[in-house]
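Student: Submitted below is the structure of interest, expressed as structure tokens.
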Amino acid sequence: MSLTAVLSYARRQFLFLSMLGLAAAASGCGGGAAYEGEKRLSLSGKVTLDGQPVDGGSISFIPANPKKKVSGGDIVKGEYKVPEAKGAHTGPHRVEIHWYRPTGKKIVDTDMGGTKDEVMEAIPPKFHVQSTLNAEVAEGKTTFDFELTSK
């Protein structure tokens with residue numbers, strides 16, 4: 001086979017694969033925002049503890065209906081943003097907030113050897129394992145701010 005024939009074949013393969021990739025992207029394949037099932041809503045808001053932004057925590061929206069999916073995400077610099085694909089279904093939710101903050105101490109790392117920063121839950125249990133926080137997610141009501149106190 002001549003070099004020209006090989007290059008021509010390679011160009012056709014490249015064009016074919018490129019078109020296949022474009023078709024997959026246009027149809028929603030490839031990990032985009034598409035998801036199956038009941039519509040979800042993106043969520044956002046702010047979280048503070050004693051007036052200070054929570055940084056490095058997490059927030060979970062747990063639906064009252066156990067057949068619906070839990071949603072949530074990371075809290076960065078006091079704010080969270082959950083995209084629609086990982087968002088909440090409409091209806092009542094219990095909200096749990098966690099924040100494992102360094103204590104300033106070093107402890108032995110039994111898994112990796114050496115030492116690591118000790119971390120402790122900074123949020124009181126009434127806002128996570130025994131959470132009394134609630135959110136009613138609805139079209140037009142997807143922003144929830146939480147001003148937590150440690151007392």
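Ordering of the structure tokens sets the chain letters (A, B, ...), residue numbers begin anew at 1 in every chain, and ligands are numbered from 1 in the order given.
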Skipping near chain neighbours, those fewer than 2 positions away, what residues fall within 10 Å of segment 91-99 of chain A using only C-alpha atoms, listed as a PyMOL selection string?

Tutor: chain A and resi 47+49+54-65+68+70-75+88-89+101-102+119-139+146+148

Student: Taking only C-alpha atoms into account, which of A:Thr90, A:Gly104, A:Thr149, A:Lys77 comes nearest Asp50 of chain A?

Tutor: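 Residue with the minimum atom-to-atom distance to Asp50 of chain A: A:Thr149.
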
Student: If you run DSSP on the backbone, which residues of segment 8-147 of chain A are alpha helix (DSSP H), as a ChimeraX atom specification?

Tutor: /A:8-26

Student: To one decimal place, how far is atom CA of Gly78 of chain A from atom CA of Lys46 of chain A in Å?

Tutor: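 Answer for the atom CA of Gly78 of chain A to atom CA of Lys46 of chain A separation: 5.4 Å.
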